[in-house]
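J.: Below is the file upload.tsv, with TSV, C-alpha atoms and all ligand atoms.
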```
chain	number	residue	atom	x	y	z
V	1	MET	CA	0.00	0.00	0.00
V	2	PRO	CA	1.62	3.30	-1.02
V	3	SER	CA	2.16	5.87	1.68
V	4	LEU	CA	-0.89	8.02	2.23
V	5	ALA	CA	1.35	10.65	3.78
V	6	LYS	CA	2.75	11.43	0.38
V	7	THR	CA	-0.50	11.24	-1.52
V	8	LEU	CA	-3.14	12.81	0.68
V	9	PRO	CA	-2.31	16.33	1.82
V	10	ASN	CA	-3.82	17.24	5.16
V	11	GLY	CA	-6.05	20.26	4.52
V	12	GLN	CA	-7.96	21.99	7.28
V	13	PRO	CA	-11.54	23.19	6.83
V	14	GLN	CA	-11.82	26.93	6.28
V	15	ASN	CA	-15.55	27.14	6.56
V	16	GLN	CA	-17.13	26.61	9.94
V	17	LYS	CA	-20.77	26.20	8.97
V	18	ALA	CA	-22.19	23.09	10.64
V	19	VAL	CA	-23.92	20.81	8.15
V	20	LEU	CA	-24.81	18.21	10.74
V	21	ARG	CA	-25.45	18.59	14.46
V	22	ILE	CA	-25.90	15.58	16.71
V	23	GLU	CA	-27.18	16.12	20.24
V	24	ASN	CA	-27.09	13.48	22.97
V	25	LEU	CA	-27.97	10.82	20.41
V	26	HIS	CA	-28.95	7.37	21.67
V	27	THR	CA	-29.81	4.30	19.59
V	28	TRP	CA	-30.77	1.28	21.61
V	29	PHE	CA	-31.98	-2.03	20.18
V	30	GLU	CA	-34.58	-3.85	22.22
V	31	ILE	CA	-33.88	-7.53	22.82
V	32	ARG	CA	-36.90	-9.77	23.34
V	33	ARG	CA	-36.80	-13.27	24.74
V	34	MET	CA	-39.01	-15.76	22.87
V	35	GLY	CA	-40.14	-12.80	20.83
V	36	PHE	CA	-42.18	-11.53	23.75
V	37	PHE	CA	-40.47	-10.69	27.07
V	38	LYS	CA	-38.16	-7.73	26.98
V	39	ALA	CA	-34.70	-8.95	27.95
V	40	GLY	CA	-33.00	-5.57	27.77
V	41	ASP	CA	-31.52	-3.07	25.35
V	42	VAL	CA	-28.34	-3.19	23.33
V	43	ARG	CA	-27.02	0.32	23.90
V	44	ALA	CA	-25.24	0.51	20.57
V	45	LEU	CA	-25.07	4.30	20.60
V	46	ASP	CA	-25.27	5.84	24.01
V	47	GLY	CA	-25.16	9.62	23.96
V	48	ALA	CA	-23.20	11.17	21.09
V	49	THR	CA	-22.87	14.94	20.61
V	50	PHE	CA	-20.92	16.70	17.86
V	51	GLU	CA	-21.05	18.95	14.82
V	52	LEU	CA	-19.73	18.22	11.35
V	53	TYR	CA	-18.73	21.26	9.31
V	54	GLU	CA	-18.91	22.01	5.62
V	55	GLY	CA	-15.82	20.75	3.80
V	56	GLU	CA	-14.64	18.79	6.84
V	57	THR	CA	-13.91	15.12	7.38
V	58	ILE	CA	-14.37	13.57	10.78
V	59	SER	CA	-12.96	10.08	11.16
V	60	ILE	CA	-14.73	7.79	13.59
V	61	VAL	CA	-12.47	5.03	14.84
V	62	GLY	CA	-12.99	2.13	17.21
V	63	GLU	CA	-13.04	-1.63	17.44
V	64	SER	CA	-15.69	-3.72	15.75
V	65	GLY	CA	-19.00	-3.60	17.62
V	66	CYS	CA	-18.43	-0.21	19.31
V	67	GLY	CA	-21.37	1.40	17.51
V	68	LYS	CA	-19.84	3.11	14.47
V	69	SER	CA	-22.30	1.74	11.91
V	70	THR	CA	-25.18	2.33	14.31
V	71	LEU	CA	-24.22	6.01	14.37
V	72	ALA	CA	-24.06	6.08	10.56
V	73	LYS	CA	-27.39	4.32	10.12
V	74	THR	CA	-29.10	6.54	12.68
V	75	ILE	CA	-27.95	9.64	10.81
V	76	LEU	CA	-29.19	8.06	7.59
V	77	GLY	CA	-32.59	7.41	9.14
V	78	ILE	CA	-32.23	3.63	8.87
V	79	ASN	CA	-32.22	3.22	12.68
V	80	HIS	CA	-34.77	4.84	14.95
V	81	ILE	CA	-33.55	7.44	17.41
V	82	THR	CA	-34.10	6.26	20.98
V	83	LYS	CA	-33.24	9.64	22.50
V	84	GLY	CA	-31.56	12.84	21.39
V	85	SER	CA	-31.64	14.81	18.14
V	86	ILE	CA	-30.09	15.15	14.72
V	87	PHE	CA	-30.10	18.50	12.95
V	88	PHE	CA	-29.21	18.81	9.28
V	89	GLU	CA	-28.56	22.40	8.27
V	90	ASP	CA	-30.35	23.47	11.46
V	91	GLN	CA	-33.45	21.41	10.69
V	92	ASP	CA	-34.43	18.86	13.33
V	93	LEU	CA	-34.92	15.54	11.51
V	94	SER	CA	-37.78	14.63	13.85
V	95	THR	CA	-39.83	17.46	12.34
V	96	LEU	CA	-39.45	16.29	8.73
V	97	ASP	CA	-42.44	15.05	6.77
V	98	LYS	CA	-42.20	12.51	3.94
V	99	GLU	CA	-41.06	15.13	1.41
V	100	GLY	CA	-38.57	16.51	3.92
V	101	TRP	CA	-37.06	13.07	4.41
V	102	LYS	CA	-36.78	12.64	0.66
V	103	ARG	CA	-34.93	15.95	0.37
V	104	TYR	CA	-32.71	15.07	3.32
V	105	ARG	CA	-31.83	11.65	1.89
V	106	SER	CA	-30.94	13.23	-1.44
V	107	ALA	CA	-28.54	15.58	0.35
V	108	ILE	CA	-26.50	12.75	1.88
V	109	GLY	CA	-24.53	10.10	0.05
V	110	TYR	CA	-23.93	6.71	1.65
V	111	ILE	CA	-20.92	4.57	0.86
V	112	GLN	CA	-20.85	1.17	2.45
V	113	GLN	CA	-18.21	-1.39	3.17
V	114	ASP	CA	-19.33	-3.97	0.64
V	115	PRO	CA	-19.78	-2.32	-2.77
V	116	TYR	CA	-21.12	-5.46	-4.45
V	117	GLY	CA	-23.76	-5.92	-1.75
V	118	ALA	CA	-24.74	-2.26	-2.15
V	119	LEU	CA	-25.41	-2.55	-5.90
V	120	PRO	CA	-28.50	-4.19	-7.42
V	121	PRO	CA	-27.05	-7.15	-9.40
V	122	PHE	CA	-29.59	-7.04	-12.24
V	123	MET	CA	-29.24	-3.37	-13.06
V	124	THR	CA	-26.72	-1.88	-15.46
V	125	VAL	CA	-24.45	0.98	-14.45
V	126	GLN	CA	-26.73	3.33	-16.37
V	127	ARG	CA	-29.88	2.20	-14.56
V	128	ILE	CA	-28.15	2.25	-11.19
V	129	LEU	CA	-27.29	5.90	-11.75
V	130	GLU	CA	-30.69	6.79	-13.21
V	131	GLU	CA	-32.64	5.32	-10.30
V	132	PRO	CA	-31.93	7.99	-7.63
V	133	MET	CA	-32.67	10.72	-10.18
V	134	LYS	CA	-36.04	9.16	-11.07
V	135	ILE	CA	-36.95	8.84	-7.39
V	136	ASN	CA	-36.09	12.50	-6.88
V	137	GLY	CA	-37.99	13.83	-9.86
V	138	ILE	CA	-35.08	14.41	-12.25
V	139	THR	CA	-36.76	12.97	-15.33
V	140	ASP	CA	-35.36	15.15	-18.08
V	141	ARG	CA	-33.26	12.79	-20.24
V	142	ALA	CA	-30.69	15.41	-21.17
V	143	GLU	CA	-30.20	16.35	-17.53
V	144	GLN	CA	-29.90	12.68	-16.55
V	145	LYS	CA	-27.30	12.08	-19.25
V	146	LYS	CA	-25.33	15.16	-18.25
V	147	ARG	CA	-25.23	14.13	-14.59
V	148	ILE	CA	-24.27	10.52	-15.39
V	149	ARG	CA	-21.45	11.68	-17.63
V	150	GLN	CA	-20.24	14.12	-15.00
V	151	VAL	CA	-20.19	11.65	-12.07
V	152	LEU	CA	-18.60	8.86	-14.10
V	153	GLU	CA	-15.88	11.27	-15.20
V	154	GLU	CA	-15.38	12.36	-11.62
V	155	VAL	CA	-15.03	8.81	-10.29
V	156	LYS	CA	-12.87	7.92	-13.30
V	157	LEU	CA	-14.96	5.10	-14.75
V	158	ALA	CA	-13.89	5.65	-18.33
V	159	PRO	CA	-14.49	5.27	-21.21
V	160	ILE	CA	-17.99	6.02	-20.03
V	161	GLU	CA	-19.77	4.28	-22.95
V	162	ASP	CA	-18.01	1.02	-22.05
V	163	PHE	CA	-19.26	1.13	-18.47
V	164	LEU	CA	-22.88	2.18	-18.99
V	165	PRO	CA	-24.19	-1.26	-20.16
V	166	LYS	CA	-22.17	-3.26	-17.61
V	167	PHE	CA	-23.62	-5.10	-14.64
V	168	PRO	CA	-21.97	-4.86	-11.20
V	169	HIS	CA	-20.44	-8.37	-11.41
V	170	MET	CA	-18.54	-7.28	-14.52
V	171	LEU	CA	-16.65	-4.66	-12.52
V	172	SER	CA	-13.65	-5.09	-10.21
V	173	GLY	CA	-14.08	-4.35	-6.50
V	174	GLY	CA	-12.47	-0.94	-6.94
V	175	GLN	CA	-14.69	-0.13	-9.92
V	176	GLN	CA	-17.77	-1.24	-7.97
V	177	GLN	CA	-16.86	1.12	-5.15
V	178	ARG	CA	-16.31	3.93	-7.70
V	179	LEU	CA	-19.82	3.22	-8.97
V	180	VAL	CA	-21.23	3.34	-5.43
V	181	ILE	CA	-19.49	6.69	-5.00
V	182	ALA	CA	-20.87	7.90	-8.35
V	183	ARG	CA	-24.38	6.93	-7.21
V	184	ALA	CA	-23.81	8.73	-3.90
V	185	MET	CA	-22.74	11.86	-5.82
V	186	ILE	CA	-25.38	11.93	-8.53
V	187	LEU	CA	-27.80	14.13	-6.59
V	188	ASP	CA	-25.02	16.55	-5.65
V	189	PRO	CA	-25.08	15.85	-1.90
V	190	LYS	CA	-23.78	18.09	0.88
V	191	MET	CA	-22.51	15.27	3.03
V	192	LEU	CA	-21.11	11.77	2.57
V	193	ILE	CA	-21.23	9.00	5.11
V	194	ALA	CA	-18.52	6.49	4.25
V	195	ASP	CA	-18.71	3.41	6.48
V	196	GLU	CA	-15.47	1.43	6.09
V	197	PRO	CA	-15.41	2.31	2.37
V	198	VAL	CA	-12.12	0.60	1.59
V	199	SER	CA	-11.88	-2.23	4.10
V	200	MET	CA	-13.14	-4.88	1.67
V	201	LEU	CA	-10.99	-3.70	-1.22
V	202	ASP	CA	-7.54	-4.86	-2.27
V	203	ALA	CA	-4.78	-2.89	-0.58
V	204	SER	CA	-3.63	-1.68	-4.00
V	205	VAL	CA	-6.85	0.27	-4.68
V	206	ARG	CA	-7.53	1.59	-1.18
V	207	VAL	CA	-5.43	4.70	-1.52
V	208	GLU	CA	-6.95	5.50	-4.93
V	209	ILE	CA	-10.47	5.35	-3.48
V	210	LEU	CA	-9.53	7.53	-0.51
V	211	GLN	CA	-7.85	10.01	-2.83
V	212	LEU	CA	-10.98	10.05	-4.94
V	213	LEU	CA	-13.13	10.82	-1.88
V	214	GLN	CA	-10.79	13.59	-0.91
V	215	ALA	CA	-10.80	15.07	-4.42
V	216	LEU	CA	-14.62	15.03	-4.44
V	217	GLN	CA	-14.70	16.62	-1.04
V	218	ARG	CA	-12.52	19.51	-2.15
V	219	ARG	CA	-14.35	20.05	-5.42
V	220	HIS	CA	-17.81	19.97	-3.83
V	221	ASN	CA	-16.98	21.25	-0.34
V	222	LEU	CA	-18.50	18.07	1.08
V	223	ALA	CA	-18.76	17.22	4.75
V	224	ILE	CA	-17.61	13.62	5.24
V	225	LEU	CA	-18.08	11.22	8.11
V	226	TYR	CA	-15.40	8.61	7.51
V	227	ILE	CA	-15.87	5.49	9.60
V	228	THR	CA	-12.98	3.11	9.84
V	229	HIS	CA	-11.15	0.65	12.01
V	230	ASP	CA	-8.02	1.21	9.89
V	231	LEU	CA	-5.95	3.76	11.76
V	232	SER	CA	-3.35	3.91	9.02
V	233	THR	CA	-5.71	6.00	6.87
V	234	VAL	CA	-7.27	8.46	9.33
V	235	ARG	CA	-4.24	10.57	9.99
V	236	TYR	CA	-4.04	11.73	6.39
V	237	PHE	CA	-7.70	11.88	5.63
V	238	SER	CA	-9.43	13.90	8.34
V	239	GLU	CA	-9.45	17.21	10.11
V	240	ARG	CA	-10.72	15.64	13.30
V	241	ILE	CA	-10.71	12.16	14.77
V	242	PHE	CA	-13.27	10.80	17.23
V	243	ALA	CA	-12.68	7.52	19.02
V	244	MET	CA	-15.63	5.35	20.07
V	245	TYR	CA	-15.74	2.73	22.75
V	246	GLY	CA	-18.73	0.76	23.98
V	247	GLY	CA	-21.32	2.95	22.24
V	248	LYS	CA	-19.77	6.24	23.37
V	249	ILE	CA	-17.46	8.81	21.85
V	250	ILE	CA	-14.62	8.76	24.34
V	251	GLU	CA	-12.17	11.14	22.64
V	252	LYS	CA	-12.58	14.05	20.22
V	253	SER	CA	-9.62	15.83	18.78
V	254	SER	CA	-8.06	17.63	15.88
V	255	THR	CA	-6.03	15.09	13.94
V	256	THR	CA	-2.78	16.81	14.83
V	257	GLY	CA	-3.69	17.00	18.54
V	258	LEU	CA	-4.54	13.32	18.69
V	259	LEU	CA	-1.44	12.22	16.85
V	260	GLU	CA	0.72	14.37	19.10
V	261	LYS	CA	-0.78	12.94	22.27
V	262	PRO	CA	-3.86	10.78	22.61
V	263	LEU	CA	-5.47	11.52	25.98
V	264	HIS	CA	-7.78	8.58	26.64
V	265	PRO	CA	-5.95	5.38	27.66
V	266	TYR	CA	-7.96	3.39	25.10
V	267	THR	CA	-7.07	5.69	22.19
V	268	ALA	CA	-3.48	5.86	23.38
V	269	ALA	CA	-3.27	2.07	23.34
V	270	LEU	CA	-4.81	1.90	19.88
V	271	PHE	CA	-2.42	4.40	18.40
V	272	GLU	CA	0.57	2.89	20.19
V	273	ALA	CA	-0.35	-0.39	18.60
V	274	THR	CA	-0.24	1.23	15.17
V	275	SER	CA	2.59	3.69	15.64
V	276	ASP	CA	4.91	1.99	13.17
V	277	PRO	CA	6.45	4.93	11.33
V	278	ASP	CA	6.26	3.10	8.03
V	279	VAL	CA	2.64	3.48	6.95
V	280	GLU	CA	3.03	0.54	4.60
V	281	ASN	CA	3.58	-1.74	7.57
V	282	LEU	CA	0.54	-0.65	9.47
V	283	HIS	CA	-2.19	-3.12	10.20
V	284	SER	CA	-5.27	-1.91	11.94
V	285	PHE	CA	-5.79	-2.91	15.54
V	286	LYS	CA	-3.08	-5.54	15.53
V	287	ASP	CA	-2.56	-5.09	19.29
V	288	VAL	CA	-5.70	-3.57	20.72
V	289	PRO	CA	-5.74	-3.31	24.51
V	290	ALA	CA	-5.99	-6.75	26.08
V	291	GLY	CA	-9.44	-7.95	27.10
V	292	GLU	CA	-12.89	-8.04	25.59
V	293	PRO	CA	-14.94	-5.07	24.38
V	294	PRO	CA	-17.78	-4.41	26.84
V	295	SER	CA	-21.23	-5.96	26.58
V	296	LEU	CA	-23.62	-3.35	25.27
V	297	LEU	CA	-26.54	-5.25	26.79
V	298	ASN	CA	-25.06	-5.08	30.30
V	299	PRO	CA	-22.33	-2.47	30.09
V	300	PRO	CA	-19.94	-2.28	33.06
V	301	PRO	CA	-20.70	0.48	35.59
V	302	GLY	CA	-18.63	3.65	35.57
V	303	CYS	CA	-16.21	4.01	32.68
V	304	ARG	CA	-16.90	1.29	30.14
V	305	PHE	CA	-13.18	0.84	29.58
V	306	HIS	CA	-12.33	0.31	33.26
V	307	PRO	CA	-12.05	-3.51	33.16
V	308	ARG	CA	-9.27	-3.14	30.55
V	309	CYS	CA	-7.67	0.08	31.74
V	310	LYS	CA	-4.24	0.03	33.34
V	311	LYS	CA	-4.81	3.52	34.79
V	312	MET	CA	-8.16	2.74	36.40
V	313	ILE	CA	-8.82	4.69	39.62
V	314	LYS	CA	-10.57	2.34	42.07
V	315	GLY	CA	-13.75	3.67	43.61
V	316	LEU	CA	-14.16	6.24	40.84
V	317	CYS	CA	-13.66	4.76	37.37
V	318	ASP	CA	-15.53	1.58	38.28
V	319	GLN	CA	-18.47	3.49	39.73
V	320	GLN	CA	-19.00	6.79	37.92
V	321	MET	CA	-19.23	7.47	34.22
V	322	PRO	CA	-16.60	10.05	33.29
V	323	PRO	CA	-17.95	13.20	31.62
V	324	GLU	CA	-16.45	14.66	28.45
V	325	ILE	CA	-13.58	16.88	29.61
V	326	TRP	CA	-12.05	19.49	27.29
V	327	VAL	CA	-8.39	19.30	28.15
V	328	HIS	CA	-7.31	21.55	25.28
V	329	GLU	CA	-9.36	23.85	23.09
V	330	ASP	CA	-9.54	21.22	20.36
V	331	HIS	CA	-9.16	18.03	22.37
V	332	ALA	CA	-11.53	16.29	24.78
V	333	ALA	CA	-11.54	12.93	26.54
V	334	ALA	CA	-14.16	11.17	28.65
V	335	CYS	CA	-11.73	10.04	31.33
V	336	TRP	CA	-11.32	10.68	35.05
V	337	LEU	CA	-7.57	11.19	34.66
V	338	TYR	CA	-8.39	14.76	33.57
V	339	LYS	CA	-10.90	15.55	36.31
V	340	ASP	CA	-8.82	18.46	37.60
V	341	GLN	CA	-9.05	20.10	34.17
V	342	ALA	CA	-12.84	19.90	33.99
S	401	LIG	N1	-30.38	-3.88	14.23
S	401	LIG	C1	-29.73	-4.29	15.32
S	401	LIG	N2	-30.37	-5.02	16.27
S	401	LIG	C2	-29.74	-5.41	17.41
S	401	LIG	N3	-28.44	-5.14	17.68
S	401	LIG	C3	-27.76	-4.42	16.77
S	401	LIG	C4	-28.35	-3.96	15.55
S	401	LIG	N4	-27.41	-3.27	14.83
S	401	LIG	C5	-26.29	-3.31	15.59
S	401	LIG	N5	-26.48	-3.99	16.74
S	401	LIG	C6	-25.52	-4.22	17.80
S	401	LIG	O1	-25.01	-2.95	18.18
S	401	LIG	C7	-23.64	-3.03	18.49
S	401	LIG	C8	-22.87	-2.05	17.64
S	401	LIG	O2	-22.86	-2.52	16.29
S	401	LIG	P1	-22.29	-1.67	15.09
S	401	LIG	O3	-22.85	-0.30	15.17
S	401	LIG	O4	-22.54	-2.42	13.86
S	401	LIG	O5	-20.73	-1.63	15.42
S	401	LIG	P2	-19.47	-1.30	14.50
S	401	LIG	O6	-19.97	-0.70	13.22
S	401	LIG	O7	-18.65	-0.36	15.32
S	401	LIG	O8	-18.75	-2.59	14.28
S	401	LIG	C9	-23.23	-4.48	18.28
S	401	LIG	O9	-23.30	-5.13	19.52
S	401	LIG	C10	-24.29	-4.99	17.35
S	401	LIG	O10	-24.49	-6.37	17.51
S	402	LIG	S1	-11.94	6.92	33.31
S	402	LIG	FE1	-10.58	5.59	34.47
S	402	LIG	S2	-10.93	3.54	33.65
S	402	LIG	FE2	-11.75	5.01	32.20
S	402	LIG	S3	-10.11	5.33	30.76
S	402	LIG	FE3	-9.95	6.94	32.30
S	402	LIG	S4	-8.54	6.11	33.81
S	402	LIG	FE4	-9.18	4.39	32.55
S	403	MG	MG	-19.61	-1.31	11.22
```
Let's see the structure in the file written out as structure tokens.
Ligand SMILES: Nc1ncnc2c1ncn2[C@@H]1O[C@H](COP(=O)(O)OP(=O)(O)O)[C@@H](O)[C@H]1O
Ligand code: SF4
Ligand SMILES: [Mg+2]
T.:
Amino acid sequence: MPSLAKTLPNGQPQNQKAVLRIENLHTWFEIRRMGFFKAGDVRALDGATFELYEGETISIVGESGCGKSTLAKTILGINHITKGSIFFEDQDLSTLDKEGWKRYRSAIGYIQQDPYGALPPFMTVQRILEEPMKINGITDRAEQKKRIRQVLEEVKLAPIEDFLPKFPHMLSGGQQQRLVIARAMILDPKMLIADEPVSMLDASVRVEILQLLQALQRRHNLAILYITHDLSTVRYFSERIFAMYGGKIIEKSSTTGLLEKPLHPYTAALFEATSDPDVENLHSFKDVPAGEPPSLLNPPPGCRFHPRCKKMIKGLCDQQMPPEIWVHEDHAAACWLYKDQA
């Protein structure tokens, strides 16, 4: 895998207009025994608050099962909100009617982990790209053609005429993901949610796809939520990094601040485990902190990381949930180690 450091310059967002605002967002999944008795809730997302700005990428990192996709799907309206709010361009999603939801969905592009699974197998590239336009009332043939040509050029599926009649299985994994990105871009969205967009692709095409996303972001001033468990990519592809653990965002930082000094013991352990200076040698989460991720059905009391934390303060960490503490202007951690700075 070529070095991302050389290929993805680390731009900072100039514009500070929030596209997305998440307030105290909870998504719990009810578990029923024998389909009847309530056995409890899986607290997959348990109180997230943040803003995503125009032209900015936030990377969300964390081990498998920590709630990253739940966050993505809740923003996309696939999961129901248990508690809390989502605002898109200052509009509370809970106030949207059917038309409002349609407009909202057309303003966000979704890129999933498995491009093949995301594409309808019996539709050609042309139909796949026409579909969202039809649904959103863009029926003028000339306009459809113009948009298809434009997005295929942008995602570099060329020559365009060769690709239009192809079915997804006729494309390579990288080409399939380019098509998914083209579909996500066809309605000219304001925000992209990319959930592990390169983790199922060959290492050789990962950088190309990330570069493509970054180029699109710059050209269209997109806000991007980039979800990944691959720490080797986040440092070159985001303005801010948030770490999740057990359904909670436990650290929020500018990318530079986090790389200089992670504050939360969990994030520190993650980045220590991937601190090989040669990016080509990085493997995500090769040495995550010892122990199991917490049960989200019966999460441990206090800090959810305490059973695995070497710095655990007895009588505090195992009893009280740490609040989010802003240790620096651009860097917060939910950890009792910083209680004097609260
Ligand atoms: N629809 C669902 N019903 C019940 N549990 C779910 C559902 N979706 C996700 N979960 C659970 O929520 C937790 C977080 O999952 P997920 O958000 O997919 O994590 P990640 O994307 O970080 O790997 C997991 O324990 C998962 O099993
Ligand atoms: S709050 Fe305590 S247990 Fe949790 S990460 Fe901080 S020191 Fe470790
Ligand atoms: Mg996931």
J.: Quick one: axis-aligned box around all listed atoms of range 134-152 of chain V, 6 Å on every side, centre and edge lengths in Å to one decimal, written as JSON.
T.:
```
{"center_x": -28.3, "center_y": 12.6, "center_z": -14.0, "size_x": 31.4, "size_y": 19.5, "size_z": 26.3}
```
J.: Which residues are near ligand LIG 402 (chain S) in this structure, taking near to mean any atom at most 8 Å from a ligand atom and counting only C-alpha atoms and all ligand atoms? Format them as a VMD selection string.
T.: chain V and resid 264 to 266 302 to 313 316 to 318 321 to 322 334 to 337
J.: For the residues selected in the previous step, produce a file with C-alpha atoms as a compact mmCIF listing (two decimals), in the coordinates of the input.
T.:
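New file out.txt:
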```
# COMPACT_ATOMS: atom_id res chain seq x y z
CA HIS V 264 -7.78 8.58 26.64
CA PRO V 265 -5.95 5.38 27.66
CA TYR V 266 -7.96 3.39 25.10
CA GLY V 302 -18.63 3.65 35.57
CA CYS V 303 -16.21 4.01 32.68
CA ARG V 304 -16.90 1.29 30.14
CA PHE V 305 -13.18 0.84 29.58
CA HIS V 306 -12.33 0.31 33.26
CA PRO V 307 -12.05 -3.51 33.16
CA ARG V 308 -9.27 -3.14 30.55
CA CYS V 309 -7.67 0.08 31.74
CA LYS V 310 -4.24 0.03 33.34
CA LYS V 311 -4.81 3.52 34.79
CA MET V 312 -8.16 2.74 36.40
CA ILE V 313 -8.82 4.69 39.62
CA LEU V 316 -14.16 6.24 40.84
CA CYS V 317 -13.66 4.76 37.37
CA ASP V 318 -15.53 1.58 38.28
CA MET V 321 -19.23 7.47 34.22
CA PRO V 322 -16.60 10.05 33.29
CA ALA V 334 -14.16 11.17 28.65
CA CYS V 335 -11.73 10.04 31.33
CA TRP V 336 -11.32 10.68 35.05
CA LEU V 337 -7.57 11.19 34.66
```
J.: Rank nothing, just name the residue among V:Pro289, V:Pro121, V:Gly109, V:Pro299 nearest to ligand LIG 401 (chain S), using only C-alpha atoms and all ligand atoms.
T.: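 Selected residue with least distance to ligand LIG 401 (chain S): V:Pro299.
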J.: Residues within 6 Å of ligand LIG 401 (chain S) should be enumerated using all atoms listed in the file and returned as a list of chain:residue names.
T.: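 Sorted by chain and then by number, the residues are V:Phe29, V:Val42, V:Ala44, V:Ser64, V:Gly65, V:Cys66, V:Gly67, V:Lys68, V:Ser69, V:Thr70.
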J.: Need the shell around Glu324 in chain V: protein/DNA/RNA residues with any atom at most 12 Å away, counting only C-alpha atoms. Skip same-chain ones fewer than 5 positions apart. Format as a list in words?
T.: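 Using only C-alpha atoms, the neighbours found are Gly47, Ala48, Thr49, Phe50, Lys248, Ile249, Ile250, Glu251, Lys252, Ser253, Leu263, His264, Cys303, His331, Ala332, Ala333, Ala334, Cys335, Trp336, Leu337, Tyr338, Lys339, Gln341 and Ala342 of chain V.
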J.: Write the residues of the selection above to a file with C-alpha atoms, as an mmCIF file, in the coordinates of the input.
T.:
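Writing the result to part_33.cif gives the following:
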```cif
data_model
loop_
_atom_site.group_PDB
_atom_site.id
_atom_site.type_symbol
_atom_site.label_atom_id
_atom_site.label_comp_id
_atom_site.auth_asym_id
_atom_site.auth_seq_id
_atom_site.Cartn_x
_atom_site.Cartn_y
_atom_site.Cartn_z
ATOM 1 C CA GLY V 47 -25.160 9.620 23.960
ATOM 2 C CA ALA V 48 -23.200 11.170 21.090
ATOM 3 C CA THR V 49 -22.870 14.940 20.610
ATOM 4 C CA PHE V 50 -20.920 16.700 17.860
ATOM 5 C CA LYS V 248 -19.770 6.240 23.370
ATOM 6 C CA ILE V 249 -17.460 8.810 21.850
ATOM 7 C CA ILE V 250 -14.620 8.760 24.340
ATOM 8 C CA GLU V 251 -12.170 11.140 22.640
ATOM 9 C CA LYS V 252 -12.580 14.050 20.220
ATOM 10 C CA SER V 253 -9.620 15.830 18.780
ATOM 11 C CA LEU V 263 -5.470 11.520 25.980
ATOM 12 C CA HIS V 264 -7.780 8.580 26.640
ATOM 13 C CA CYS V 303 -16.210 4.010 32.680
ATOM 14 C CA HIS V 331 -9.160 18.030 22.370
ATOM 15 C CA ALA V 332 -11.530 16.290 24.780
ATOM 16 C CA ALA V 333 -11.540 12.930 26.540
ATOM 17 C CA ALA V 334 -14.160 11.170 28.650
ATOM 18 C CA CYS V 335 -11.730 10.040 31.330
ATOM 19 C CA TRP V 336 -11.320 10.680 35.050
ATOM 20 C CA LEU V 337 -7.570 11.190 34.660
ATOM 21 C CA TYR V 338 -8.390 14.760 33.570
ATOM 22 C CA LYS V 339 -10.900 15.550 36.310
ATOM 23 C CA GLN V 341 -9.050 20.100 34.170
ATOM 24 C CA ALA V 342 -12.840 19.900 33.990
#
```
J.: Would you mind reading off the distance between CA of Thr74 in chain V and CA of Gln16 in chain V, one decimal, in Å?
T.: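 That distance, rounded to one decimal, is 23.5 Å.
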J.: What is the CA of Arg149 in chain V to CA of Gly100 in chain V distance in Å?
T.: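 Distance between the two atoms: 27.9 Å.
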J.: Here is a test: counting only C-alpha atoms and all ligand atoms, which residue of V:Gly247, V:Gly174, V:Pro165, V:Pro132 is nearest to ligand MG 403 (chain S)?
T.: V:Gly247
J.: Kindly give the distance, in Å, that separates CA of Ile60 in chain V and CA of Ser238 in chain V, rounded to a single decimal.
T.: 9.6 Å
J.: Could you check the closest approach to Thr267 in chain V for each of V:Val61, V:Leu179, V:Ile148, V:Ile138 and tell me which residue wins, using all atoms listed in the file?
T.: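 Of the candidates, the smallest distance to Thr267 in chain V is held by V:Val61.
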